[in-house]
>>> print(open('data-v8.csv').read())   # CSV, C-alpha atoms and all ligand atoms
chain,number,residue,atom,x,y,z
A,14,MET,CA,0.0,0.0,0.0
A,15,GLU,CA,2.9,2.5,0.7
A,16,SER,CA,3.8,2.5,-2.9
A,17,ALA,CA,0.2,3.1,-4.0
A,18,ASN,CA,-0.4,6.0,-6.4
A,19,VAL,CA,-2.5,8.5,-4.4
A,20,SER,CA,-4.2,10.0,-7.5
A,21,ASP,CA,-5.3,6.5,-8.6
A,22,TYR,CA,-6.9,5.9,-5.3
A,23,ILE,CA,-8.6,9.3,-5.4
A,24,SER,CA,-10.0,8.7,-8.9
A,25,GLN,CA,-11.2,5.2,-8.0
A,26,PHE,CA,-12.9,6.5,-4.9
A,27,LYS,CA,-14.6,9.4,-6.7
A,28,GLU,CA,-15.8,7.0,-9.4
A,29,LYS,CA,-17.2,4.6,-6.8
A,30,ILE,CA,-19.3,7.2,-5.1
A,31,LYS,CA,-20.2,9.2,-8.2
A,32,GLY,CA,-23.9,10.2,-8.3
A,33,LYS,CA,-24.5,8.8,-4.8
A,34,GLY,CA,-24.7,12.1,-2.9
A,35,GLU,CA,-21.4,13.2,-1.6
A,36,GLU,CA,-18.7,13.6,-4.1
A,37,SER,CA,-16.3,15.6,-2.0
A,38,MET,CA,-14.8,14.7,1.4
A,39,LEU,CA,-13.6,16.9,4.2
A,40,LEU,CA,-10.4,14.9,4.8
A,41,PRO,CA,-7.2,15.4,2.9
A,42,GLU,CA,-6.8,13.1,-0.1
A,43,LYS,CA,-3.9,11.2,1.6
A,44,PHE,CA,-6.5,9.8,4.0
A,45,LEU,CA,-7.5,7.4,1.2
A,46,ILE,CA,-4.2,5.5,1.4
A,47,CYS,CA,-3.9,5.4,5.2
A,48,VAL,CA,-2.3,2.2,6.6
A,49,ARG,CA,-1.7,3.4,10.1
A,50,CYS,CA,-3.2,0.3,11.6
A,51,GLU,CA,-3.7,-3.4,10.9
A,52,ASP,CA,-7.2,-3.0,9.4
A,53,GLY,CA,-5.8,-0.7,6.7
A,54,VAL,CA,-3.1,-3.2,5.9
A,55,LYS,CA,-5.8,-5.9,5.4
A,56,ARG,CA,-7.9,-3.8,3.1
A,57,GLU,CA,-8.8,-5.6,-0.2
A,58,GLU,CA,-7.5,-4.4,-3.5
A,59,GLY,CA,-9.2,-1.3,-4.7
A,60,GLN,CA,-10.7,-0.4,-1.4
A,61,THR,CA,-10.0,2.8,0.5
A,62,PRO,CA,-10.7,3.9,4.1
A,63,ILE,CA,-14.3,5.2,4.4
A,64,PRO,CA,-14.6,9.0,5.0
A,65,GLY,CA,-17.5,10.5,6.8
A,66,GLU,CA,-20.2,12.0,4.6
A,67,GLY,CA,-23.1,14.4,4.8
A,68,ILE,CA,-23.7,18.1,5.3
A,69,PRO,CA,-20.3,19.7,5.9
A,70,ASN,CA,-21.6,22.0,8.6
A,71,ALA,CA,-24.3,19.8,9.9
A,72,GLU,CA,-25.8,20.6,13.3
A,73,VAL,CA,-25.9,16.9,14.2
A,74,MET,CA,-23.0,14.4,13.7
A,75,LEU,CA,-23.6,10.7,14.1
A,76,ILE,CA,-20.6,8.6,15.0
A,77,GLY,CA,-20.7,4.8,14.6
A,78,GLU,CA,-18.0,2.1,15.1
A,79,SER,CA,-16.3,0.8,12.0
A,80,PRO,CA,-17.3,0.1,8.4
A,81,GLY,CA,-18.5,-3.4,7.4
A,82,ALA,CA,-18.2,-5.3,4.1
A,83,GLU,CA,-21.0,-3.3,2.4
A,84,GLU,CA,-19.4,0.0,3.3
A,85,MET,CA,-16.0,-1.1,2.1
A,86,LYS,CA,-17.5,-2.0,-1.2
A,87,SER,CA,-19.5,1.2,-1.7
A,88,GLY,CA,-17.0,3.6,-0.2
A,89,ARG,CA,-19.7,5.2,2.1
A,90,PRO,CA,-20.5,4.8,5.8
A,91,PHE,CA,-23.7,3.1,7.1
A,92,GLN,CA,-24.8,1.3,3.9
A,93,GLY,CA,-26.8,-1.9,3.4
A,94,LYS,CA,-28.8,-3.2,6.3
A,95,ALA,CA,-27.0,-1.2,8.9
A,96,GLY,CA,-27.7,2.0,7.0
A,97,GLU,CA,-31.4,1.1,6.3
A,98,ASN,CA,-31.9,0.4,10.0
A,99,LEU,CA,-30.3,3.7,11.0
A,100,ASN,CA,-32.4,5.7,8.5
A,101,ARG,CA,-35.6,3.9,9.6
A,102,PHE,CA,-35.0,4.4,13.3
A,103,LEU,CA,-34.1,8.1,12.9
A,104,ALA,CA,-37.2,8.7,10.7
A,105,SER,CA,-39.4,7.0,13.3
A,106,ALA,CA,-38.4,9.8,15.7
A,107,GLY,CA,-38.9,12.4,12.9
A,108,LEU,CA,-35.2,12.9,12.3
A,109,ASP,CA,-33.6,13.2,8.9
A,110,ARG,CA,-30.2,11.4,8.4
A,111,SER,CA,-29.6,13.2,5.1
A,112,LYS,CA,-29.4,16.5,7.0
A,113,MET,CA,-26.7,15.2,9.3
A,114,TYR,CA,-23.0,14.2,9.0
A,115,VAL,CA,-22.2,10.5,9.5
A,116,ALA,CA,-18.8,9.0,10.3
A,117,ASN,CA,-17.2,6.1,12.0
A,118,THR,CA,-14.7,5.8,14.8
A,119,THR,CA,-12.3,3.7,12.6
A,120,ARG,CA,-12.4,3.7,8.8
A,121,CYS,CA,-11.3,0.3,7.6
A,122,ARG,CA,-13.2,-2.9,8.3
A,123,PRO,CA,-11.9,-4.9,11.3
A,124,TYR,CA,-12.5,-8.6,10.5
A,125,LYS,CA,-11.3,-12.0,11.3
A,126,GLU,CA,-10.9,-14.9,8.9
A,127,THR,CA,-12.1,-18.4,9.4
A,128,VAL,CA,-10.7,-21.1,7.2
A,129,ARG,CA,-12.8,-24.2,6.5
A,130,ILE,CA,-11.7,-27.2,4.5
A,131,LEU,CA,-14.5,-28.4,2.2
A,132,LYS,CA,-15.3,-32.1,1.4
A,133,ASP,CA,-13.4,-31.8,-1.9
A,134,GLY,CA,-10.3,-30.6,0.0
A,135,THR,CA,-10.5,-27.0,-1.1
A,136,LYS,CA,-10.2,-24.2,1.4
A,137,LYS,CA,-13.1,-21.7,2.1
A,138,ILE,CA,-12.2,-18.5,3.8
A,139,THR,CA,-15.0,-16.5,5.6
A,140,LYS,CA,-14.5,-13.0,6.9
A,141,SER,CA,-16.6,-11.8,9.8
A,142,ASN,CA,-16.7,-8.4,11.5
A,143,LYS,CA,-15.1,-7.9,14.8
A,144,PRO,CA,-14.8,-4.8,17.0
A,145,PRO,CA,-11.8,-2.5,16.2
A,146,SER,CA,-8.7,-2.9,18.4
A,147,GLN,CA,-7.5,-0.1,20.7
A,148,HIS,CA,-4.6,0.3,18.4
A,149,ALA,CA,-6.9,0.9,15.4
A,150,ILE,CA,-9.1,3.3,17.5
A,151,ARG,CA,-6.1,5.3,18.5
A,152,SER,CA,-4.5,5.2,15.1
A,153,CYS,CA,-7.7,6.5,13.5
A,154,ALA,CA,-8.4,9.2,16.1
A,155,THR,CA,-6.9,12.1,14.2
A,156,TRP,CA,-9.1,11.5,11.2
A,157,LEU,CA,-12.3,11.5,13.3
A,158,ASP,CA,-11.1,14.6,15.2
A,159,MET,CA,-10.4,16.4,12.0
A,160,GLU,CA,-14.0,15.8,10.8
A,161,ILE,CA,-15.4,16.9,14.2
A,162,ASP,CA,-13.4,20.1,14.1
A,163,LEU,CA,-14.4,20.9,10.5
A,164,VAL,CA,-18.1,20.0,10.9
A,165,ASN,CA,-18.2,21.6,14.4
A,166,PRO,CA,-21.6,20.0,15.2
A,167,LYS,CA,-23.8,21.3,17.9
A,168,LEU,CA,-24.7,17.8,18.9
A,169,ILE,CA,-22.7,14.5,18.6
A,170,VAL,CA,-24.8,11.3,18.7
A,171,THR,CA,-22.6,8.3,19.4
A,172,LEU,CA,-23.9,4.9,18.3
A,173,GLY,CA,-22.7,2.1,20.5
A,174,SER,CA,-20.0,1.8,23.1
A,175,THR,CA,-16.9,2.3,20.8
A,176,PRO,CA,-17.5,5.9,19.8
A,177,LEU,CA,-18.7,6.8,23.3
A,178,LYS,CA,-15.5,5.4,24.9
A,179,ARG,CA,-13.4,7.0,22.3
A,180,LEU,CA,-14.8,10.5,23.0
A,181,VAL,CA,-15.9,10.2,26.7
A,182,PRO,CA,-14.0,7.3,28.3
A,183,ASP,CA,-15.4,7.7,31.8
A,184,TYR,CA,-19.0,6.8,30.9
A,185,SER,CA,-20.5,3.5,30.1
A,186,ILE,CA,-23.3,3.2,27.6
A,187,SER,CA,-25.5,1.2,29.9
A,188,GLU,CA,-25.5,4.1,32.3
A,189,VAL,CA,-25.8,7.1,30.0
A,190,HIS,CA,-27.7,5.9,26.9
A,191,GLY,CA,-30.5,8.3,26.1
A,192,THR,CA,-29.1,11.2,28.1
A,193,LEU,CA,-27.5,14.5,27.1
A,194,LEU,CA,-24.0,14.9,28.3
A,195,THR,CA,-22.3,18.3,28.1
A,196,VAL,CA,-18.6,17.4,28.5
A,197,PRO,CA,-15.1,17.8,27.2
A,198,ILE,CA,-14.2,15.1,24.7
A,199,GLN,CA,-10.9,13.2,24.1
A,200,HIS,CA,-8.9,14.7,21.3
A,201,ALA,CA,-5.8,13.1,19.7
A,202,GLY,CA,-2.7,15.3,20.1
A,203,GLU,CA,-1.4,17.9,17.7
A,204,LYS,CA,0.7,15.5,15.5
A,205,GLU,CA,-1.0,14.1,12.5
A,206,ASP,CA,-0.5,10.5,13.6
A,207,SER,CA,-0.8,11.1,17.3
A,208,ARG,CA,-2.2,8.3,19.4
A,209,GLU,CA,-2.1,10.3,22.6
A,210,PHE,CA,-5.4,11.7,23.9
A,211,THR,CA,-6.0,15.0,25.8
A,212,LEU,CA,-9.3,16.5,26.9
A,213,SER,CA,-10.7,19.3,24.8
A,214,GLU,CA,-11.1,22.7,26.4
A,215,LYS,CA,-14.5,23.1,24.8
A,216,GLU,CA,-17.5,21.2,26.1
A,217,TYR,CA,-19.6,19.3,23.6
A,218,HIS,CA,-23.2,18.1,23.7
A,219,VAL,CA,-22.9,14.3,23.3
A,220,PHE,CA,-26.0,12.0,23.2
A,221,PRO,CA,-25.2,8.3,23.5
A,222,LEU,CA,-27.4,5.7,21.8
A,223,TYR,CA,-27.0,2.0,21.5
A,224,HIS,CA,-25.8,0.8,18.1
A,225,PRO,CA,-28.7,0.1,15.8
A,226,ALA,CA,-27.2,-3.3,15.0
A,227,ALA,CA,-27.2,-4.3,18.7
A,228,ILE,CA,-31.0,-3.9,18.7
A,229,ILE,CA,-31.3,-6.5,16.0
A,230,TYR,CA,-29.3,-9.1,18.1
A,231,ARG,CA,-30.6,-8.0,21.5
A,232,ARG,CA,-34.4,-7.7,21.1
A,233,GLU,CA,-34.7,-6.7,24.8
A,234,LEU,CA,-33.0,-3.4,23.9
A,235,GLN,CA,-35.6,-2.5,21.3
A,236,GLU,CA,-38.0,-0.7,23.6
A,237,VAL,CA,-35.1,1.1,25.4
A,238,PHE,CA,-33.7,2.2,22.0
A,239,GLU,CA,-37.1,3.5,20.8
A,240,GLN,CA,-37.5,5.5,24.1
A,241,ASP,CA,-33.9,6.9,23.6
A,242,LEU,CA,-34.7,8.0,20.1
A,243,HIS,CA,-37.7,10.0,21.4
A,244,LYS,CA,-35.5,11.6,24.0
A,245,LEU,CA,-33.1,12.4,21.2
A,246,ARG,CA,-35.9,14.1,19.3
A,247,LYS,CA,-36.8,16.1,22.4
A,248,THR,CA,-33.1,17.1,22.9
A,249,VAL,CA,-32.9,18.2,19.2
A,250,GLU,CA,-35.9,20.4,19.7
A,251,GLU,CA,-34.6,21.9,23.0
A,252,LEU,CA,-31.3,22.7,21.4
A,253,LYS,CA,-33.2,24.2,18.4
A,254,LEU,CA,-31.5,22.0,15.8
A,255,ASN,CA,-34.4,22.4,13.4
A,256,SER,CA,-32.3,21.6,10.3
A,257,VAL,CA,-32.4,17.8,11.1
A,258,LEU,CA,-36.2,17.6,11.7
A,259,LEU,CA,-38.3,15.8,9.1
B,301,LIG,S1,-6.0,4.4,11.0
B,301,LIG,FE1,-8.2,4.4,10.2
B,301,LIG,S2,-8.0,4.9,8.1
B,301,LIG,FE2,-6.0,4.4,8.8
B,301,LIG,S3,-5.7,2.2,8.3
B,301,LIG,FE3,-6.5,2.3,10.4
B,301,LIG,S4,-8.7,2.2,10.2
B,301,LIG,FE4,-7.9,2.7,8.2
>>> encode(input="data-v8.csv", output="structure tokens")
Amino acid sequence: MESANVSDYISQFKEKIKGKGEESMLLPEKFLICVRCEDGVKREEGQTPIPGEGIPNAEVMLIGESPGAEEMKSGRPFQGKAGENLNRFLASAGLDRSKMYVANTTRCRPYKETVRILKDGTKKITKSNKPPSQHAIRSCATWLDMEIDLVNPKLIVTLGSTPLKRLVPDYSISEVHGTLLTVPIQHAGEKEDSREFTLSEKEYHVFPLYHPAAIIYRRELQEVFEQDLHKLRKTVEELKLNSVLL
């Protein structure tokens, strides 16, 4: 990957997302060849890290965990089933994803491979998602921070435990889901590839939600999640973030 031609990656990326909404990204073009962590090294041929997308100065920024296979294929965050679920859940609370900015904590798919030997002796390799490692989260921190600084959202909605812990490590999702936190967030250091965190001087509004995918696997969370979404809607109204209302 180090020897990859940046302009080839940029044109491949632009071609991939052409006509699908966002044709520009906020991050510098060298982001598309990042291999700072193991998940970047394992990217498949022709794939790039997945930048955030949406309204560049959106009032609300959604932050998920990591891209999956669908996202790596399309070049865009929250696609396929995960994206459909997110859009549906937000719409059920009268919130419009297309008026927000959506990004992930890490930008390349973390996966593990399982090798099976078939009856005819051939090997079958299956890839399944896994949570990003601490190394990947720290390595990817400056990209996320850059987008937070550029978008400068009035409200950050974290989806699941990974983005919450990345930004506000002292809180656990089971304790603070569905509540508005007004807190400093962890920021990676000044250096472009810094893995050291410091707390921001500024306080941010952060609203933690469970990850929409967790609701599918843990049906007992569905009711809680729906209540949290309605609390989110109320918070959006109280903060007067009318641009994201349907
Ligand atoms: S730091 Fe982020 S963008 Fe870079 S290789 Fe790792 S996951 Fe991909």
>>> residues_near_ligand(input="data-v8.csv", ligand="ligand LIG 301 (chain B)", cutoff="12 Å", atoms="only C-alpha atoms and all ligand atoms", output="VMD selection string")
chain A and resid 14 to 15 40 to 57 60 to 65 78 to 81 85 116 to 124 144 to 158 205 to 208
>>> atom_distance(input="data-v8.csv", atom1="CA of Ala227 in chain A", atom2="CA of Lys143 in chain A")
13.2 Å
>>> atom_distance(input="data-v8.csv", atom1="CA of His243 in chain A", atom2="CA of Ser105 in chain A")
8.8 Å
>>> closest_residue(input="data-v8.csv", among="A:Lys27, A:Pro166, A:Ile76, A:Phe220", to="Pro90 in chain A", atoms="all atoms listed in the file")
A:Ile76
>>> residues_around(input="data-v8.csv", residues="Asn165 in chain A", least_positions_apart="5", cutoff="12 Å", atoms="only C-alpha atoms", output="ChimeraX atom specification")
/A:68-74,113-114,157-160,215-218
>>> atom_distance(input="data-v8.csv", atom1="CA of Ser213 in chain A", atom2="CA of Glu188 in chain A")
22.5 Å
>>> residues_around(input="data-v8.csv", residues="Ile228 in chain A", least_positions_apart="6", cutoff="12 Å", atoms="only C-alpha atoms", output="PDB file with C-alpha atoms, keeping the file's coordinate frame")
ATOM      1  CA  ALA A  95     -27.000  -1.200   8.900  1.00  0.00           C
ATOM      2  CA  ASN A  98     -31.900   0.400  10.000  1.00  0.00           C
ATOM      3  CA  LEU A  99     -30.300   3.700  11.000  1.00  0.00           C
ATOM      4  CA  PHE A 102     -35.000   4.400  13.300  1.00  0.00           C
ATOM      5  CA  LEU A 172     -23.900   4.900  18.300  1.00  0.00           C
ATOM      6  CA  GLY A 173     -22.700   2.100  20.500  1.00  0.00           C
ATOM      7  CA  LEU A 222     -27.400   5.700  21.800  1.00  0.00           C
ATOM      8  CA  LEU A 234     -33.000  -3.400  23.900  1.00  0.00           C
ATOM      9  CA  GLN A 235     -35.600  -2.500  21.300  1.00  0.00           C
ATOM     10  CA  GLU A 236     -38.000  -0.700  23.600  1.00  0.00           C
ATOM     11  CA  VAL A 237     -35.100   1.100  25.400  1.00  0.00           C
ATOM     12  CA  PHE A 238     -33.700   2.200  22.000  1.00  0.00           C
ATOM     13  CA  GLU A 239     -37.100   3.500  20.800  1.00  0.00           C
TER      14      GLU A 239
END
>>> closest_residue(input="data-v8.csv", among="A:Lys29, A:Glu209, A:Val257, A:Val115", to="Gly77 in chain A", atoms="only C-alpha atoms")
A:Val115
>>> closest_residue(input="data-v8.csv", among="A:Gln25, A:Ile229, A:Gln92, A:His224", to="Thr175 in chain A", atoms="only C-alpha atoms")
A:His224
>>> closest_residue(input="data-v8.csv", among="A:Ala106, A:Glu66, A:Thr171, A:Leu193", to="Glu251 in chain A", atoms="all atoms listed in the file")
A:Leu193
>>> residues_around(input="data-v8.csv", residues="Arg101 in chain A", least_positions_apart="6", cutoff="12 Å", atoms="all atoms listed in the file", output="PyMOL selection string")
chain A and resi 94-95+107-111+225+239+242
